[in-house]
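coords.csv, holding CSV, C-alpha atoms:
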chain,number,residue,atom,x,y,z
A,20,MET,CA,69.6,106.8,109.5
A,21,THR,CA,71.9,104.1,110.9
A,22,ILE,CA,71.9,100.4,110.8
A,23,GLN,CA,74.5,99.1,113.2
A,24,THR,CA,75.9,96.0,111.4
A,25,LEU,CA,79.6,96.9,111.7
A,26,SER,CA,81.6,98.5,114.6
A,27,LYS,CA,83.1,101.8,113.7
A,28,GLN,CA,86.5,100.3,114.0
A,29,ARG,CA,85.8,97.5,111.6
A,30,LEU,CA,83.9,99.7,109.2
A,31,ILE,CA,86.8,102.1,108.8
A,32,THR,CA,89.2,99.2,108.3
A,33,GLU,CA,87.0,97.8,105.6
A,34,LEU,CA,86.4,101.1,103.9
A,35,GLN,CA,90.1,101.9,103.7
A,36,SER,CA,90.8,98.4,102.2
A,37,GLN,CA,87.9,98.4,99.7
A,38,GLY,CA,87.2,102.0,99.0
A,39,ILE,CA,83.8,103.7,98.3
A,40,ARG,CA,81.8,104.4,95.1
A,41,VAL,CA,80.4,107.9,95.3
A,42,LEU,CA,77.3,107.6,93.2
A,43,ASN,CA,76.0,111.1,92.8
A,44,PRO,CA,78.5,113.7,94.2
A,45,GLN,CA,76.7,116.9,95.1
A,46,THR,CA,79.5,119.3,96.1
A,47,GLU,CA,83.2,119.8,95.8
A,48,HIS,CA,84.8,117.8,98.6
A,49,VAL,CA,88.3,117.5,99.9
A,50,SER,CA,90.0,114.8,97.8
A,51,ARG,CA,93.4,113.8,96.5
A,52,LYS,CA,94.2,112.7,92.9
A,53,GLY,CA,97.7,111.7,92.1
A,54,GLY,CA,100.7,113.4,93.8
A,55,ALA,CA,103.0,112.3,96.5
A,56,GLY,CA,102.0,110.0,99.3
A,57,PRO,CA,98.7,108.1,99.6
A,58,SER,CA,96.3,109.4,97.0
A,59,ASP,CA,93.1,108.9,95.2
A,60,HIS,CA,91.3,109.5,98.5
A,61,GLN,CA,88.4,111.6,99.8
A,62,ALA,CA,88.0,112.9,103.3
A,63,MET,CA,84.9,111.7,105.1
A,64,ILE,CA,83.7,112.1,108.7
A,65,ILE,CA,82.3,108.9,110.2
A,66,GLU,CA,80.9,109.0,113.8
A,67,GLY,CA,83.2,111.9,114.6
A,68,SER,CA,86.4,110.5,113.0
A,69,THR,CA,87.8,111.9,109.8
A,70,VAL,CA,88.9,109.1,107.5
A,71,MET,CA,90.6,109.3,104.1
A,72,VAL,CA,88.9,106.7,102.0
A,73,PRO,CA,89.9,105.6,98.4
A,74,VAL,CA,87.3,106.8,95.9
A,75,TYR,CA,89.3,107.2,92.6
A,76,SER,CA,91.3,104.0,92.6
A,77,ASN,CA,90.4,101.2,90.2
A,78,SER,CA,89.5,98.8,93.0
A,79,ALA,CA,87.1,101.4,94.6
A,80,GLN,CA,84.9,101.2,91.5
A,81,PHE,CA,84.1,97.6,92.4
A,82,SER,CA,83.6,98.2,96.2
A,83,PRO,CA,80.5,96.9,97.9
A,84,PHE,CA,80.4,100.2,99.7
A,85,SER,CA,78.8,103.3,98.1
A,86,VAL,CA,77.6,106.7,99.1
A,87,GLN,CA,74.3,108.0,97.9
A,88,HIS,CA,73.3,111.7,98.4
A,89,THR,CA,69.6,112.0,99.3
A,90,SER,CA,67.3,114.8,98.2
A,91,ASP,CA,67.5,116.4,101.6
A,92,GLY,CA,71.3,116.6,101.3
A,93,VAL,CA,72.3,113.7,103.5
A,94,ALA,CA,75.2,111.5,102.4
A,95,ARG,CA,74.2,107.9,103.1
A,96,LEU,CA,76.8,105.1,103.3
A,97,MET,CA,75.6,101.8,102.0
A,98,ARG,CA,77.0,98.3,101.6
A,99,ASP,CA,75.4,96.3,98.8
A,100,SER,CA,72.7,98.9,98.7
A,101,ILE,CA,71.8,98.4,102.4
A,102,PRO,CA,72.1,101.7,104.4
A,103,LEU,CA,74.7,101.6,107.1
A,104,ARG,CA,75.3,105.1,108.4
A,105,ASP,CA,74.8,108.7,107.5
A,106,ILE,CA,78.2,110.4,107.0
A,107,THR,CA,79.5,113.8,106.1
A,108,PHE,CA,82.3,115.0,103.8
A,109,ALA,CA,85.1,117.4,104.6
A,110,SER,CA,84.3,120.7,102.8
A,111,LYS,CA,86.5,122.6,100.5
A,112,PRO,CA,88.7,125.0,102.6
A,113,ARG,CA,88.4,128.7,102.1
A,114,PHE,CA,92.1,129.2,101.4
A,115,TYR,CA,91.7,127.3,98.2
A,116,ASP,CA,89.9,130.3,96.7
A,117,LEU,CA,93.1,132.5,97.1
A,118,GLN,CA,96.2,132.9,95.0
A,119,THR,CA,99.6,134.5,95.3
A,120,ALA,CA,100.4,137.9,94.0
A,121,ASP,CA,102.0,136.2,90.9
A,122,GLY,CA,98.8,134.2,90.3
A,123,VAL,CA,99.6,130.8,91.7
A,124,PRO,CA,96.6,129.2,93.4
A,125,TYR,CA,97.1,128.4,97.0
A,126,SER,CA,95.9,124.9,96.4
A,127,HIS,CA,98.9,124.4,94.1
A,128,ILE,CA,101.2,125.1,96.9
A,129,ALA,CA,99.6,123.1,99.8
A,130,THR,CA,96.5,121.1,100.2
A,131,LEU,CA,94.1,120.2,103.0
A,132,HIS,CA,94.4,116.6,104.3
A,133,SER,CA,91.7,115.3,106.6
A,134,THR,CA,89.9,118.4,108.1
A,135,ASP,CA,92.7,120.2,109.8
A,136,VAL,CA,96.1,119.3,108.3
A,137,LEU,CA,98.0,121.3,105.7
A,138,ALA,CA,100.2,119.2,103.5
A,139,THR,CA,102.7,120.1,100.9
A,140,THR,CA,105.4,118.4,98.8
A,141,VAL,CA,108.1,121.0,98.7
A,142,LEU,CA,110.0,119.4,95.8
A,143,GLN,CA,107.6,117.7,93.4
A,144,THR,CA,110.4,115.9,91.8
A,145,CYS,CA,112.6,112.9,92.8
A,146,ILE,CA,115.9,111.6,91.7
A,147,ARG,CA,114.3,108.2,91.2
A,148,TYR,CA,110.9,108.9,89.8
A,149,GLU,CA,112.0,109.6,86.2
A,150,ASN,CA,113.9,106.3,86.0
A,151,ARG,CA,111.3,103.6,86.1
A,152,ARG,CA,114.0,101.0,86.9
A,153,LYS,CA,114.6,102.9,90.2
A,154,ALA,CA,111.3,104.5,91.0
A,155,CYS,CA,109.0,103.3,93.7
A,156,LYS,CA,106.3,101.4,91.9
A,157,PHE,CA,103.5,102.8,94.1
A,158,CYS,CA,104.5,106.5,93.7
A,159,SER,CA,102.7,109.1,91.7
A,160,ILE,CA,104.6,112.2,92.7
A,161,GLY,CA,104.8,113.4,89.1
A,162,GLN,CA,101.2,113.0,88.3
A,163,SER,CA,99.8,116.2,89.9
A,164,LEU,CA,102.8,118.2,88.4
A,165,ALA,CA,102.1,116.9,84.9
A,166,ALA,CA,98.4,117.7,85.3
A,167,GLY,CA,99.2,121.3,86.3
A,168,ARG,CA,97.8,121.0,89.8
A,169,THR,CA,101.0,121.9,91.6
A,170,VAL,CA,104.4,123.6,91.1
A,171,ALA,CA,107.7,121.8,91.1
A,172,HIS,CA,109.4,123.8,93.9
A,173,LYS,CA,107.4,125.7,96.5
A,174,THR,CA,109.4,128.6,97.8
A,175,PRO,CA,109.6,129.3,101.5
A,176,GLN,CA,107.7,132.5,101.0
A,177,GLN,CA,104.9,130.8,99.2
A,178,LEU,CA,104.6,128.1,101.9
A,179,ALA,CA,104.6,130.7,104.7
A,180,GLU,CA,101.8,132.7,103.0
A,181,VAL,CA,99.6,129.7,102.5
A,182,ALA,CA,100.2,128.3,105.9
A,183,LYS,CA,99.2,131.6,107.5
A,184,ALA,CA,96.0,131.7,105.5
A,185,ALA,CA,95.1,128.1,106.2
A,186,VAL,CA,95.5,128.6,109.9
A,187,GLU,CA,93.5,131.9,110.0
A,188,LEU,CA,90.8,131.0,107.5
A,189,ASP,CA,90.3,127.3,108.1
A,190,GLY,CA,91.6,126.5,111.6
A,191,VAL,CA,94.4,124.2,110.4
A,192,LYS,CA,96.1,122.6,113.4
A,193,HIS,CA,99.3,121.2,112.0
A,194,MET,CA,101.3,120.8,108.8
A,195,VAL,CA,103.1,118.1,106.9
A,196,MET,CA,106.0,118.9,104.6
A,197,THR,CA,107.3,116.1,102.5
A,198,THR,CA,109.7,116.2,99.6
A,199,GLY,CA,110.8,114.2,96.6
A,200,THR,CA,114.4,113.1,97.2
A,201,PRO,CA,117.0,115.5,95.6
A,202,SER,CA,120.5,114.4,94.6
A,203,GLY,CA,122.3,116.0,97.6
A,204,SER,CA,123.4,114.0,100.6
A,205,ASP,CA,121.0,115.9,102.9
A,206,ARG,CA,118.1,114.0,101.1
A,207,GLY,CA,115.8,116.9,101.3
A,208,ALA,CA,116.6,118.1,104.9
A,209,LYS,CA,118.0,121.3,103.6
A,210,VAL,CA,114.9,122.5,101.7
A,211,LEU,CA,112.8,121.4,104.7
A,212,CYS,CA,114.8,123.6,107.0
A,213,GLU,CA,114.5,126.6,104.6
A,214,SER,CA,110.8,126.1,104.4
A,215,ALA,CA,110.2,125.6,108.1
A,216,LEU,CA,112.1,128.8,109.0
A,217,ALA,CA,109.9,130.9,106.8
A,218,ILE,CA,106.7,129.2,108.0
A,219,LYS,CA,107.4,129.6,111.7
A,220,ALA,CA,108.3,133.3,111.1
A,221,ALA,CA,104.8,133.8,109.7
A,222,VAL,CA,102.6,131.6,111.8
A,223,ASP,CA,102.7,129.4,114.9
A,224,ILE,CA,101.9,125.9,113.6
A,225,PRO,CA,103.4,122.5,114.5
A,226,ILE,CA,105.3,121.0,111.5
A,227,GLN,CA,106.3,117.5,110.6
A,228,GLY,CA,109.1,117.2,108.1
A,229,GLN,CA,109.4,114.0,106.0
A,230,CYS,CA,112.6,112.9,104.1
A,231,GLU,CA,114.9,110.0,103.6
A,232,PRO,CA,117.7,109.6,106.2
A,233,PRO,CA,120.3,112.3,105.6
A,234,ALA,CA,123.9,111.1,105.3
A,235,ASP,CA,125.0,113.5,108.1
A,236,PRO,CA,123.0,113.0,111.4
A,237,LEU,CA,123.7,116.7,112.2
A,238,TRP,CA,120.7,117.5,109.9
A,239,TYR,CA,118.3,116.2,112.6
A,240,GLN,CA,119.3,119.0,114.9
A,241,ARG,CA,119.3,121.5,112.1
A,242,MET,CA,115.8,120.5,111.2
A,243,LYS,CA,114.6,120.8,114.8
A,244,ASP,CA,116.3,124.2,115.2
A,245,ALA,CA,114.6,125.4,112.0
A,246,GLY,CA,111.2,124.7,113.6
A,247,ILE,CA,110.4,121.2,112.5
A,248,ASP,CA,108.6,119.6,115.5
A,249,ALA,CA,108.4,116.0,114.3
A,250,LEU,CA,110.1,113.9,111.7
A,251,GLY,CA,108.9,111.2,109.4
A,252,MET,CA,111.4,108.8,107.6
A,253,HIS,CA,109.3,106.3,105.7
A,254,LEU,CA,110.3,102.6,105.3
A,255,GLU,CA,107.1,101.9,103.3
A,256,VAL,CA,108.2,98.2,102.8
A,257,VAL,CA,110.1,96.3,105.5
A,258,THR,CA,111.3,93.0,103.9
A,259,GLU,CA,114.6,93.6,101.9
A,260,SER,CA,113.7,91.2,99.1
A,261,VAL,CA,110.3,92.9,98.7
A,262,ARG,CA,111.8,96.4,98.9
A,263,GLU,CA,114.1,95.5,96.0
A,264,VAL,CA,111.1,94.6,93.8
A,265,ILE,CA,108.7,97.4,94.9
A,266,MET,CA,111.2,100.2,95.4
A,267,PRO,CA,114.4,99.3,93.7
A,268,GLY,CA,116.1,102.7,94.1
A,269,LYS,CA,115.1,103.4,97.7
A,270,ALA,CA,115.9,99.8,98.7
A,271,GLN,CA,119.6,100.8,98.3
A,272,VAL,CA,119.1,102.4,101.7
A,273,SER,CA,118.6,99.3,103.8
A,274,VAL,CA,116.2,98.7,106.7
A,275,GLU,CA,119.2,98.6,109.1
A,276,GLN,CA,120.4,102.0,107.8
A,277,TYR,CA,117.0,103.3,108.6
A,278,MET,CA,117.1,101.8,112.1
A,279,THR,CA,120.4,103.5,112.8
A,280,ALA,CA,118.9,106.8,111.5
A,281,PHE,CA,115.8,106.4,113.7
A,282,VAL,CA,118.0,106.0,116.8
A,283,GLU,CA,119.8,109.3,116.0
A,284,ALA,CA,116.6,111.1,115.2
A,285,VAL,CA,114.9,110.1,118.4
A,286,LYS,CA,117.8,111.6,120.3
A,287,VAL,CA,117.0,114.9,118.9
A,288,PHE,CA,113.2,114.9,118.4
A,289,GLY,CA,112.3,112.7,121.4
A,290,LYS,CA,110.3,109.6,122.0
A,291,GLY,CA,107.2,109.5,119.8
A,292,GLN,CA,108.1,112.5,117.7
A,293,VAL,CA,109.8,110.3,115.0
A,294,SER,CA,107.6,108.1,112.9
A,295,THR,CA,107.6,105.9,109.8
A,296,TYR,CA,105.0,105.0,107.2
A,297,ILE,CA,104.5,101.4,106.4
A,298,LEU,CA,102.3,100.3,103.5
A,299,ALA,CA,100.7,97.0,104.3
A,300,GLY,CA,99.8,94.7,101.4
A,301,LEU,CA,102.8,95.0,99.1
A,302,GLY,CA,104.3,91.6,100.0
A,303,ASP,CA,105.4,91.9,103.6
A,304,THR,CA,103.8,89.3,105.8
A,305,GLN,CA,101.9,90.3,108.9
A,306,GLN,CA,104.7,88.9,111.1
A,307,ALA,CA,107.4,90.8,109.2
A,308,ILE,CA,105.5,94.1,109.8
A,309,LEU,CA,104.9,93.3,113.4
A,310,ASP,CA,108.5,92.3,114.0
A,311,ILE,CA,109.9,95.6,112.6
A,312,CYS,CA,107.2,97.5,114.5
A,313,GLN,CA,108.3,95.9,117.8
A,314,ARG,CA,111.9,97.2,117.1
A,315,LEU,CA,110.6,100.6,116.1
A,316,VAL,CA,108.4,101.0,119.2
A,317,ALA,CA,111.2,99.9,121.5
A,318,ILE,CA,113.4,102.8,120.3
A,319,GLY,CA,110.6,105.4,120.5
A,320,VAL,CA,109.5,105.5,116.8
A,321,TYR,CA,105.8,105.5,116.0
A,322,PRO,CA,105.0,103.0,113.1
A,323,PHE,CA,102.1,104.3,111.1
A,324,VAL,CA,100.8,101.3,109.3
A,325,VAL,CA,98.3,102.0,106.5
A,326,PRO,CA,96.7,99.8,103.9
A,327,PHE,CA,98.3,100.1,100.4
A,328,VAL,CA,95.9,101.9,98.0
A,329,PRO,CA,96.7,101.3,94.3
A,330,ILE,CA,96.9,104.6,92.4
A,331,ARG,CA,95.9,105.0,88.8
A,332,GLY,CA,98.7,105.5,86.4
A,333,THR,CA,101.3,103.7,88.5
A,334,PRO,CA,102.9,100.3,87.8
A,335,LEU,CA,100.9,98.9,90.8
A,336,GLU,CA,97.5,100.4,89.8
A,337,ASP,CA,96.0,96.9,89.5
A,338,HIS,CA,97.7,95.5,92.6
A,339,PRO,CA,95.1,94.4,95.2
A,340,ALA,CA,94.7,96.3,98.4
A,341,PRO,CA,95.0,94.2,101.6
A,342,ASP,CA,91.7,93.0,103.0
A,343,ALA,CA,90.4,94.1,106.4
A,344,ASN,CA,91.3,90.8,108.1
A,345,PHE,CA,94.9,91.3,107.1
A,346,MET,CA,94.9,94.8,108.4
A,347,GLU,CA,93.2,93.9,111.6
A,348,GLY,CA,95.8,91.2,112.2
A,349,ILE,CA,98.5,93.9,112.2
A,350,LEU,CA,96.7,96.9,113.7
A,351,ARG,CA,95.3,95.2,116.8
A,352,PRO,CA,98.6,93.8,118.1
A,353,LEU,CA,100.4,96.9,117.0
A,354,ALA,CA,98.1,99.0,119.1
A,355,GLY,CA,98.9,96.8,122.1
A,356,MET,CA,102.6,97.5,121.6
A,357,LEU,CA,102.0,101.2,121.4
A,358,ARG,CA,100.0,101.2,124.7
A,359,GLU,CA,102.6,99.1,126.4
A,360,ASN,CA,105.4,101.5,125.4
A,361,THR,CA,103.3,104.7,126.1
A,362,LEU,CA,103.4,105.8,122.4
A,363,ARG,CA,100.2,107.6,121.5
A,364,SER,CA,99.2,109.2,118.3
A,365,THR,CA,97.5,112.0,120.2
A,366,GLU,CA,100.9,113.1,121.6
A,367,ILE,CA,102.6,113.4,118.3
A,368,LYS,CA,103.1,117.1,117.7
A,369,ALA,CA,102.4,117.1,113.9
A,370,GLY,CA,102.1,114.8,110.9
A,371,CYS,CA,100.5,111.7,109.6
A,372,GLY,CA,100.5,109.7,112.8
A,373,ARG,CA,98.8,112.5,114.7
A,374,CYS,CA,96.2,113.0,111.9
A,375,GLY,CA,95.6,109.2,111.6
A,376,ALA,CA,93.0,109.6,108.8
A,377,CYS,CA,94.8,107.2,106.4
A,378,SER,CA,94.6,104.2,108.8
A,379,SER,CA,92.2,102.8,111.5
A,380,LEU,CA,95.2,102.3,113.8
A,381,ALA,CA,94.0,105.1,116.2
A,382,THR,CA,90.7,103.3,116.7
A,383,TYR,CA,92.6,100.2,117.9
A,384,GLU,CA,94.8,102.4,120.2
A,385,SER,CA,91.8,103.6,122.1
A,386,GLU,CA,90.5,100.1,123.0
Rendering of file as structure tokens:
Amino acid sequence: MTIQTLSKQRLITELQSQGIRVLNPQTEHVSRKGGAGPSDHQAMIIEGSTVMVPVYSNSAQFSPFSVQHTSDGVARLMRDSIPLRDITFASKPRFYDLQTADGVPYSHIATLHSTDVLATTVLQTCIRYENRRKACKFCSIGQSLAAGRTVAHKTPQQLAEVAKAAVELDGVKHMVMTTGTPSGSDRGAKVLCESALAIKAAVDIPIQGQCEPPADPLWYQRMKDAGIDALGMHLEVVTESVREVIMPGKAQVSVEQYMTAFVEAVKVFGKGQVSTYILAGLGDTQQAILDICQRLVAIGVYPFVVPFVPIRGTPLEDHPAPDANFMEGILRPLAGMLRENTLRSTEIKAGCGRCGACSSLATYESE
């Protein structure tokens, strides 16, 4: 059943800004509560596109969008009780039913994002998270650890075992490895190298590593040599004064230091294989985001702009998400920049930009 009142592009943009109320969940779906990175989401397939939509955030509880499961098993998307489209949910992967020899569930080591992406936070701790004066106010990296849904340090052997199972049992196509920032000057690059070496020895899967810029640029080549195919170094917020408020510890690494790091990283990984995550709606203006994106695209970095989603239990849990008009005012011109500079999400070897499920950017790229 479909009532075409919104284009697919606009619908996804609105869903990711406002979230969805799931009225009567029928089965266990692929969802994310707490943890590192964007969270409180559920994976949904809308007209062939997999989309991560907020369902557990406070704001989602007041969304005009809802999903109603019918008696014949159909998931019906509605706005203000008016049916819009029939959608499907990403199913629980088979590797979630397994555990390591010492009894650790595979889902505590890595999780499924979207429908074909394996994601893990190698170190589920961060030098800034425990100090609320320095912690990023949007971050919930410690929540899943405190809830017993993950382990603090995933060993290379554990990651290799789970990655192999996810590829063989569930057809996973690529992998994202992020990490909380440790105290060393490598900023997590070392543990990513150790993990990638083990994974690539076990299974052939493209990997994106994510960390802060390491002090020594030699780490870029070390990460690539270890088997990391693409690199993410995430700005999150682009205006220095806003960074100081939202992420006081991380703001000590300036935007200009990131820009220098991006240039060095692109030399190693190549055009389009270095990306950065930008959270729209935290205080940056549209123009500020577009200005930094213009600079990033010019040096071959893919700016993956997503709407900020407030996560329960964080200092910003009641911060409003950006509306669809705000997002469209960024994503449409950004997509034009990407086309002009021949940067395409489909050509990224692995990672968030290639997956694209947390933003509607890819739908604007294809215009």
Next on the checklist: Excluding Tyr321 in chain A and its own-chain neighbours fewer than 2 positions away, which residues fall within 7 Å of it when counting all atoms listed in the file? Please give them as a PyMOL selection string.
Outcome noted: chain A and resi 291+293-295+315-316+319+323+362
Next on the checklist: I need the residue nearest Gly161 in chain A from this list: A:Gly332, A:Gly289, A:Pro175, A:Pro341. Use all atoms listed in the file for the distance.
Outcome noted: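 Answer, going by the shortest atom-to-atom distance: A:Gly332.
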Checklist outcome for this item: Judged by all atoms listed in the file, the minimum distance to Met97 in chain A among A:Gly167, A:Gly203, A:Pro73, A:Pro83 is found for A:Pro83
Item to check | Best match for closeness to Gln176 in chain A among A:Ala217, A:Val261, A:Cys145, A:Ile226, counting all atoms listed in the file | outcome: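 Looking at the shortest contact to Gln176 in chain A, the residue is A:Ala217.
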Checklist entry - Rounded to one decimal in Å, what is the spacing between CA of Glu336 in chain A and CA of Met252 in chain A? => result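 Computing it gives 24.1 Å between the two atoms.
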